[in-house]
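Data block below; observations after.
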Amino acid sequence: MKSQTQRRFGRAVVLKFASIFVASLVTILPLSVTLVRAQKPTDSATSPGPGSRMNQPTDRAHAHPFESGEELIYVAEFSRALLQKVDVADFRFTVSKQPEVQKVVEGGFGQDTGGAAYSLKFTGDVSSKGFFSKLFNLRFREQIESIVEPAPFTVKKTKRVDEQGKRARISETTYSNGNLFWIETDPNNPSRPPRSALTAFAGQVQDVLSAIYYLRTQPLEIGKTIEVAVSDSGRVYQVPVKVVEKKRMKTILGRVEVLRVDAEVYGPNRLIDGEGQFSIWFANDMKRIPVSARVKTEYGTFDITLRKLIQNPTQPEYLTRATNGH
């Protein structure tokens with residue numbers, strides 16, 4: 001029989017892991033805001049600062065470094081003291097195009113090669129696995145869907161389903177005319193009043209999933225800092241992302257040159273009110289594939305590694321790469 005101390009520690013680690021990844025831009029696991037922050041949605045606005053790349057329009061003819069049909073599959077592992085590389089969760093991110101019925105306007109939706117208007121659709125699916133899930137009987141799954149205007153690259157709608165054992169939450173955020181409206185409901189308790197927030201923003205804004213793809217569209221140079229406005233649970237946060245290192249790394253793409261970026265998601269008025277470090281490694285090529293990520297916290301270290309990459313089969317210049325097992 002597991003002791004209460006073991007259960008509390010296991011739950012704290014997993015929930016901390018989950019919340020960190022939502023706030024850290026790499027994943028979408030908002031399992032417990034109480035462990036990492038006690039901030040409530042407000043009506044206050046947070047606007048991108050002057051000079052931010054978010055205020056600069058994206059060329060609608062720009063070819064994105066990702067194609068419709070791309071699928072990224074990751075494994076997250078936890079390490080602390082004698083526990084090394086213990087499986088925690090699986091991640092799956094996909095890209096597709098969604099036709100638009102609205103009329104295409106200058107600076108608005110993108111156009112495919114046939115001239116049809118479209119939005120980008122990013123989906124993410126994260127689910128618990130392995131040691132923690134079995135030892136502490138903790139099950140979680142997070143699904144997120146981001147609808148993004150290709151030009152300028154800004155999110156239009158975010159849908160999220162968060163399941164933690166018997167607990168479930170469904171939220172939706174819509175972005176229009178410089179305001180975002182966030183609402184969260186409990187599908188298991190329809191009589192419970194929904195939580196909601198209305199917040200103003202300026203320029204481009206991302207959610208925790210689209211922000212990853214937004215960074216892939218940016219020129220990454222050593223020493224450069226990119227300010228990214230990120231919406232989460234009804235608020236907008238300014239997240240400085242700095243390119244700090246270039247090196248070669250062994251990945252499923254082979255031994256490739258990568259760029260490490262550090263996102264400042266910890267601290268006062270940040271996504272997470274606490275101490276920690278969050279880093280992502282992007283392949284330093286035209287595709288900017290995120291091949292690895294790491295979160296260091298007081299609970300331990302979480303490593304997220306790309307294990308499979310599936311790309312659009314209609315793009316012959318790109319190969320489908322995959323690995324078997326771990």
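Note on naming: chains are A, B, ... as they come in the structure tokens, residues start from 1 per chain, ligands start from 1 in the order shown.
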Which neighbours of Asp285 in chain A fall inside 10 Å, counting only C-alpha atoms, when residues of the same chain fewer than 6 positions from it are skipped, and could you give them as an NGL selection string?
:A and (65 or 256-259)
Writing out the chosen residues with N, CA and C atoms as a compact mmCIF listing (two decimals), in the first residue's frame:
```txt
# COMPACT_ATOMS: atom_id res chain seq x y z
N PRO A 65 7.21 27.58 -42.29
CA PRO A 65 8.18 26.48 -42.24
C PRO A 65 7.54 25.13 -41.97
N VAL A 256 22.20 17.23 -35.84
CA VAL A 256 21.92 18.48 -36.53
C VAL A 256 22.28 19.67 -35.65
N GLU A 257 22.42 20.82 -36.31
CA GLU A 257 22.65 22.06 -35.58
C GLU A 257 21.32 22.55 -35.02
N VAL A 258 21.33 22.94 -33.75
CA VAL A 258 20.11 23.40 -33.10
C VAL A 258 20.35 24.74 -32.43
N LEU A 259 19.25 25.47 -32.22
CA LEU A 259 19.28 26.73 -31.50
C LEU A 259 18.46 26.57 -30.22
```
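Minimum atom-to-atom distance to Ile289 in chain A, evaluated using only C-alpha atoms, belongs to A:His64 out of A:His64, A:Arg195, A:Arg141, A:Lys157.
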Closest contacts (range 130-230 of chain A/range 267-281 of chain A, max 12 Å, only C-alpha atoms) as a Markdown table:
```
| residue | atom | partner | partner_atom | distance |
| --- | --- | --- | --- | --- |
| A:Asp207 | CA | A:Leu271 | CA | 11.8 |
| A:Val208 | CA | A:Leu271 | CA | 10.4 |
| A:Ile212 | CA | A:Ile280 | CA | 9.5 |
| A:Leu215 | CA | A:Ile280 | CA | 10.4 |
| A:Arg216 | CA | A:Trp281 | CA | 11.0 |
| A:Leu220 | CA | A:Trp281 | CA | 11.2 |
| A:Val228 | CA | A:Arg270 | CA | 12.0 |
| A:Ala229 | CA | A:Leu271 | CA | 10.9 |
| A:Val230 | CA | A:Leu271 | CA | 8.8 |
```
Within 7 Å of Phe140 in chain A using only C-alpha atoms, minus same-chain residues under 5 positions, as a PyMOL selection string
chain A and resi 127-128+163-165
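The shortest atom-to-atom distance to Leu180 in chain A, with only C-alpha atoms taken into account, belongs to A:Ser231 out of A:Thr154, A:Gln84, A:Asn312, A:Ser231.
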Can you check which residues of range 117-260 of chain A DSSP gives as alpha helix (DSSP H) on the backbone and send them as a JSON list (two decimals) with C-alpha atoms, in the first residue's frame?
```
[["chain", "number", "residue", "atom", "x", "y", "z"],
["A", 130, "GLY", "CA", 4.10, 5.15, -17.60],
["A", 131, "PHE", "CA", 5.42, 5.21, -14.06],
["A", 132, "PHE", "CA", 3.50, 8.07, -12.45],
["A", 133, "SER", "CA", 0.23, 7.14, -14.05],
["A", 134, "LYS", "CA", 0.42, 3.60, -12.67],
["A", 135, "LEU", "CA", 2.13, 4.19, -9.32],
["A", 210, "SER", "CA", 0.18, 28.49, -31.53],
["A", 211, "ALA", "CA", 3.12, 30.21, -29.80],
["A", 212, "ILE", "CA", 5.34, 27.23, -30.66],
["A", 213, "TYR", "CA", 4.50, 27.56, -34.35],
["A", 214, "TYR", "CA", 4.83, 31.35, -34.21],
["A", 215, "LEU", "CA", 8.43, 30.98, -32.99],
["A", 216, "ARG", "CA", 9.14, 28.72, -35.96]]
```
Between CA of Glu71 in chain A and CA of Thr94 in chain A, distance in Å (one decimal):
4.4 Å
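With only C-alpha atoms as the atoms that count, the minimum distance from Ile304 in chain A to the choices A:Leu83, A:Gln206, A:Val126, A:Ser68 is reached by A:Val126.
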